[in-house]
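Pasting model09.cif here (mmCIF, C-alpha atoms):
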data_model
loop_
_atom_site.label_atom_id
_atom_site.label_comp_id
_atom_site.auth_asym_id
_atom_site.auth_seq_id
_atom_site.Cartn_x
_atom_site.Cartn_y
_atom_site.Cartn_z
CA MET A 6 53.29 163.97 93.08
CA PHE A 7 55.93 162.68 90.68
CA PHE A 8 56.65 163.73 87.13
CA VAL A 9 55.56 161.26 84.46
CA PRO A 10 57.76 161.33 81.31
CA GLN A 11 55.98 162.68 78.28
CA ALA A 12 55.85 161.09 74.85
CA GLY A 13 59.09 161.36 72.90
CA LEU A 14 61.33 161.00 75.94
CA ASN A 15 63.39 157.85 76.42
CA PRO A 16 61.46 155.76 78.99
CA ASN A 17 64.70 154.02 80.03
CA LYS A 18 66.17 157.29 81.30
CA GLU A 19 65.13 159.61 84.08
CA VAL A 20 64.02 163.07 83.03
CA VAL A 21 66.45 165.81 84.03
CA LEU A 22 65.17 168.95 85.69
CA ALA A 23 65.20 171.16 82.59
CA ASP A 24 63.30 168.58 80.52
CA ALA A 25 60.82 168.05 83.32
CA LEU A 26 59.98 171.74 83.38
CA LEU A 27 59.88 172.13 79.59
CA THR A 28 57.73 169.08 78.84
CA LYS A 29 55.47 169.68 81.81
CA HIS A 30 54.63 173.30 81.09
CA LEU A 31 55.12 173.55 77.32
CA GLU A 32 53.56 170.27 76.22
CA SER A 33 51.17 172.09 73.89
CA ARG A 34 53.84 174.48 72.56
CA GLN A 35 56.62 172.16 71.47
CA THR A 36 57.90 174.63 68.86
CA LEU A 37 59.10 176.91 71.64
CA ILE A 38 61.35 174.31 73.26
CA PRO A 39 64.40 174.72 70.92
CA ALA A 40 64.36 178.49 71.45
CA ILE A 41 64.08 178.07 75.21
CA LYS A 42 66.96 175.58 75.23
CA ALA A 43 69.09 178.07 73.29
CA PHE A 44 68.16 180.67 75.89
CA LEU A 45 69.21 178.27 78.66
CA VAL A 46 72.60 177.87 76.97
CA VAL A 47 73.07 181.65 76.96
CA ILE A 48 71.97 181.98 80.59
CA GLY A 49 74.16 179.09 81.69
CA SER A 50 77.25 180.47 79.97
CA LEU A 51 76.60 183.90 81.50
CA LEU A 52 76.28 182.37 84.96
CA LEU A 53 79.61 180.64 84.41
CA ALA A 54 81.22 183.90 83.37
CA VAL A 55 79.91 185.67 86.48
CA SER A 56 80.86 182.82 88.80
CA ALA A 57 84.40 182.90 87.38
CA GLN A 58 84.83 186.41 88.75
CA ILE A 59 83.89 185.36 92.29
CA LYS A 60 87.27 184.14 93.43
CA ILE A 61 89.98 183.89 96.01
CA PRO A 62 93.23 184.60 94.11
CA LEU A 63 95.51 181.65 94.77
CA TYR A 64 98.37 180.60 92.48
CA PRO A 65 98.35 178.89 90.03
CA VAL A 66 94.62 178.06 90.12
CA PRO A 67 92.20 180.56 91.70
CA VAL A 68 89.25 179.36 93.78
CA THR A 69 86.03 180.39 92.04
CA GLY A 70 82.34 179.58 92.11
CA GLN A 71 82.58 177.96 88.68
CA THR A 72 82.70 174.34 89.74
CA LEU A 73 79.40 174.68 91.60
CA VAL A 74 77.74 176.27 88.56
CA VAL A 75 79.26 173.73 86.16
CA LEU A 76 78.04 170.75 88.15
CA LEU A 77 74.59 172.24 88.76
CA ILE A 78 74.25 172.92 85.03
CA GLY A 79 75.16 169.31 84.34
CA MET A 80 72.57 167.98 86.78
CA THR A 81 69.77 170.30 85.69
CA TYR A 82 70.39 170.47 81.92
CA GLY A 83 71.35 166.90 81.04
CA PRO A 84 74.42 165.87 79.00
CA ARG A 85 73.64 167.46 75.63
CA LEU A 86 72.37 170.82 76.81
CA ALA A 87 75.03 171.03 79.53
CA GLY A 88 77.77 170.12 77.07
CA GLY A 89 76.54 172.75 74.63
CA THR A 90 76.49 175.35 77.41
CA ILE A 91 80.09 174.68 78.47
CA ILE A 92 81.23 174.67 74.83
CA ALA A 93 79.54 178.05 74.36
CA TYR A 94 81.33 179.36 77.46
CA LEU A 95 84.74 178.10 76.29
CA ALA A 96 84.11 179.54 72.82
CA GLN A 97 83.27 182.93 74.32
CA GLY A 98 86.60 182.96 76.12
CA ALA A 99 88.48 181.70 73.08
CA VAL A 100 87.25 184.57 70.89
CA GLY A 101 88.34 187.15 73.46
CA LEU A 102 85.42 187.74 75.80
CA PRO A 103 86.68 188.16 79.40
CA VAL A 104 84.71 185.24 80.82
CA PHE A 105 87.46 183.24 82.49
CA ALA A 106 88.66 183.76 86.07
CA GLY A 107 90.02 187.25 86.60
CA GLY A 108 88.58 188.49 83.31
CA VAL A 109 91.16 186.52 81.34
CA ALA A 110 90.35 185.61 77.74
CA GLY A 111 91.88 184.11 74.63
CA TYR A 112 93.52 180.86 73.61
CA ALA A 113 96.37 181.51 76.04
CA ALA A 114 93.99 180.82 78.93
CA LEU A 115 92.82 177.58 77.35
CA LEU A 116 96.39 176.43 76.79
CA GLY A 117 97.82 177.81 80.05
CA PRO A 118 98.11 176.16 83.49
CA THR A 119 94.34 176.29 84.14
CA GLY A 120 93.38 174.94 80.72
CA GLY A 121 92.91 171.41 82.03
CA TYR A 122 90.33 172.59 84.53
CA LEU A 123 88.42 174.45 81.83
CA PHE A 124 88.19 171.38 79.61
CA GLY A 125 87.46 169.33 82.72
CA PHE A 126 84.37 171.51 83.15
CA LEU A 127 83.07 170.25 79.81
CA VAL A 128 83.60 166.58 80.62
CA ALA A 129 82.28 166.96 84.16
CA ALA A 130 79.10 168.70 83.00
CA ILE A 131 78.40 165.91 80.50
CA VAL A 132 79.11 163.23 83.12
CA MET A 133 76.78 165.00 85.56
CA GLY A 134 74.11 165.09 82.88
CA PHE A 135 74.34 161.33 82.38
CA LEU A 136 74.21 160.78 86.13
CA ALA A 137 71.10 162.96 86.32
CA GLN A 138 69.50 160.84 83.60
CA ARG A 139 70.02 157.89 85.89
CA GLY A 140 68.15 159.52 88.74
CA MET A 141 70.99 161.14 90.66
CA GLY A 142 70.56 164.65 92.01
CA ARG A 143 67.06 164.17 93.40
CA THR A 144 68.08 163.35 96.96
CA ILE A 145 70.79 164.69 99.24
CA ILE A 146 72.81 161.48 99.13
CA SER A 147 72.67 161.06 95.35
CA THR A 148 73.52 164.74 94.85
CA VAL A 149 76.55 164.44 97.13
CA SER A 150 77.67 161.33 95.23
CA ALA A 151 77.23 162.99 91.84
CA MET A 152 79.02 166.16 92.95
CA ALA A 153 81.94 164.11 94.25
CA ILE A 154 82.23 162.34 90.90
CA GLY A 155 82.01 165.63 89.00
CA ASN A 156 84.68 167.24 91.14
CA LEU A 157 86.93 164.21 90.64
CA VAL A 158 86.60 164.53 86.87
CA ILE A 159 87.59 168.20 87.02
CA TYR A 160 90.57 167.44 89.25
CA VAL A 161 91.80 164.62 87.01
CA PHE A 162 91.81 166.82 83.92
CA GLY A 163 93.14 169.85 85.78
CA VAL A 164 96.00 168.07 87.54
CA PHE A 165 96.99 166.08 84.46
CA TRP A 166 97.36 169.32 82.48
CA LEU A 167 98.92 171.30 85.32
CA THR A 168 101.54 168.58 85.84
CA SER A 169 103.14 169.48 82.52
CA PHE A 170 103.78 172.98 83.88
CA ILE A 171 104.85 172.43 87.50
CA GLY A 172 105.15 168.68 88.04
CA LEU A 173 102.80 166.22 89.70
CA GLU A 174 103.66 166.95 93.33
CA MET A 175 103.29 170.70 92.93
CA ALA A 176 100.16 170.21 90.82
CA LEU A 177 98.55 168.26 93.67
CA LEU A 178 99.72 170.74 96.30
CA ASN A 179 98.61 173.80 94.35
CA GLY A 180 95.83 172.46 92.15
CA VAL A 181 93.90 170.21 94.53
CA ILE A 182 94.66 170.63 98.24
CA PRO A 183 93.77 174.36 98.51
CA PHE A 184 90.34 173.76 96.98
CA LEU A 185 89.06 170.78 98.93
CA TYR A 186 87.48 172.93 101.65
CA GLY A 187 85.75 175.17 99.13
CA ASP A 188 84.53 172.19 97.14
CA LEU A 189 83.10 170.67 100.29
CA ILE A 190 81.09 173.85 100.87
CA LYS A 191 79.89 173.82 97.26
CA LEU A 192 78.92 170.17 97.61
CA ILE A 193 76.81 170.98 100.67
CA ILE A 194 75.13 173.86 98.83
CA ALA A 195 74.28 171.66 95.84
CA ALA A 196 73.05 168.86 98.10
CA GLY A 197 70.59 171.32 99.58
CA LEU A 198 69.53 172.96 96.33
CA MET A 199 68.86 170.05 93.97
CA PRO A 200 66.26 168.21 96.11
CA VAL A 201 64.51 171.54 96.69
CA PHE A 202 64.44 172.25 92.94
CA TRP A 203 62.93 168.82 92.28
CA SER A 204 60.40 169.23 95.06
CA LEU A 205 59.26 172.53 93.62
CA THR A 206 59.07 171.07 90.11
CA ASN A 207 57.00 168.11 91.26
CA THR A 208 54.53 170.32 93.10
CA LEU A 209 54.02 172.87 90.34
CA GLU A 210 50.70 172.54 88.55
#

What is this structure when it is put down as structure tokens?
Amino acid sequence: MFFVPQAGLNPNKEVVLADALLTKHLESRQTLIPAIKAFLVVIGSLLLAVSAQIKIPLYPVPVTGQTLVVLLIGMTYGPRLAGGTIIAYLAQGAVGLPVFAGGVAGYAALLGPTGGYLFGFLVAAIVMGFLAQRGMGRTIISTVSAMAIGNLVIYVFGVFWLTSFIGLEMALLNGVIPFLYGDLIKLIIAAGLMPVFWSLTNTLE
């Protein structure tokens, strides 16, 4: 059983997981959808804050569960909702809430060595959302491909920014190499989760 896009959705784009669930089960209660999307933004930003505290403390960039959550949010929410969720998360940290890795907060974190990775989260989530709209994330192979692209986006932004602090060679050695193993594990987890989520969505009455 496959999900058929409802009226009002762009027929040239695939429906992302969040939209599939909302339009499928709230078709007769459209007025609730904006409130539920706002709730999803809050939940997503809270998940990011929690995942940031699950870390292995390496210098200058700690290994956390954030990248997995960021990329899953992108694939399940779509570009707009995912982008709004990451912006909400960054705003929470900017105003002083301890949501970044290690409970760090404030503009200093956004402008410090890890700032590039944080802004890379935003771009990666949006990119993942666009990839999801093109059908990626429904099979193991397409999920792996999308996750690889999302991770690359985060690394590009992170290393570019980190280079201004410690130079390109050290940025690659400290900001990429230590995390490849962890990212591979996250990729495998996502590759297993996304097809299962879609399977469950397609079988729900």

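With CA of Val46 (chain A) on one side and CA of Gly89 (chain A) on the other, the separation reads 6.9 Å.
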
*Output the residue selection produced by the PyMOL selection byres ((chain A and resi 106) around 10) on the file above, formatted as a ChimeraX atom specification.*
/A:53-60,62,66-71,103-105,107-110,114,119

Give me the residues within 9 Å of Val181 (chain A) as a short mmCIF file (atom, residue, chain, number, x, y, z; two decimals) with C-alpha atoms, keeping the file's coordinate frame, counting only C-alpha atoms and dropping any in the same chain fewer than 5 places off.
data_model
loop_
_atom_site.label_atom_id
_atom_site.label_comp_id
_atom_site.auth_asym_id
_atom_site.auth_seq_id
_atom_site.Cartn_x
_atom_site.Cartn_y
_atom_site.Cartn_z
CA TYR A 160 90.57 167.44 89.25
CA GLY A 163 93.14 169.85 85.78
CA VAL A 164 96.00 168.07 87.54
CA ALA A 176 100.16 170.21 90.82
#

_Length of the CA of Ser147 (chain A) to CA of Val47 (chain A) vector [Å]_ =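 That distance, rounded to one decimal, is 27.6 Å.
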
*So which residues touch Ala195 (chain A) within 9 Å, counting only C-alpha atoms, skipping near sequence neighbours fewer than 3 positions away, as a list in words?*
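So, after excluding close chain neighbours, the residues are Leu73, Leu76, Leu77, Gly142, Ile145, Thr148, Val149, Met152, Ile190, Lys191, Leu192, Leu198, Met199 and Pro200 of chain A.
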
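Using all atoms listed in the file, the contacts of Ile41 (chain A) at a cut-off of 12 Å, with sequence neighbours closer than 5 positions omitted, comprise A:Ala23, A:Asp24, A:Leu26, A:Leu27, A:Thr28, A:Leu31, A:Arg34, A:Gln35, A:Thr36, A:Val46, A:Val47, A:Ile48, A:Tyr82, A:Leu86.
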
*Between A:Phe184, A:Arg143, A:Met133, A:Gly155, which has the minimum distance to Gly197 (chain A) (counting only C-alpha atoms)?*
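Answer, going by the shortest atom-to-atom distance: A:Arg143.
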
How big is the axis-aligned box around the listed atoms of region 152-170 of chain A once 4 Å is added on each side, and where is its centre? Give both in Å to one decimal, as JSON.
{"center_x": 91.4, "center_y": 167.7, "center_z": 88.4, "size_x": 32.8, "size_y": 18.6, "size_z": 19.8}

*From the list A:Met141, A:Leu52, A:Val128, A:Ala93, which residue is nearest Thr81 (chain A) when using only C-alpha atoms?*
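Ranked by minimum distance to Thr81 (chain A), first place goes to A:Met141.
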
*Go ahead and compute the interatomic distance for CA of Gly111 (chain A) and CA of Val75 (chain A), in Å to one decimal.*
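Taking CA of Gly111 (chain A) as the start and CA of Val75 (chain A) as the end point, the length is 20.0 Å.
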
*Using only C-alpha atoms, which residues sit within 9 Å of Leu177 (chain A) once same-chain residues fewer than 5 positions away are excluded, as a PyMOL selection string?*
chain A and resi 164+167-168+172+182

*Contacts of Ile91 (chain A) at 8 Å or less, counting all atoms listed in the file, minus same-chain residues fewer than 6 places along, as a list in words?*
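The neighbour list is Ser50, Val75, Phe126, Leu127 and Ala130 of chain A.
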
Dump of C-alpha atoms for the selected residues, as a PDB file, in the coordinates of the input:
ATOM      1  CA  SER A  50      77.250 180.470  79.970  1.00  0.00           C
ATOM      2  CA  VAL A  75      79.260 173.730  86.160  1.00  0.00           C
ATOM      3  CA  PHE A 126      84.370 171.510  83.150  1.00  0.00           C
ATOM      4  CA  LEU A 127      83.070 170.250  79.810  1.00  0.00           C
ATOM      5  CA  ALA A 130      79.100 168.700  83.000  1.00  0.00           C
TER       6      ALA A 130
END

*Between A:Leu116, A:Leu102, A:Leu45, A:Ala87, which is the closest to Ile131 (chain A) once you count all atoms listed in the file?*
A:Ala87

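Of the listed residues (A:Pro84, A:Gly98, A:Gly79, A:Gly140), A:Gly98 comes nearest to Leu51 (chain A); the distances count all atoms listed in the file.
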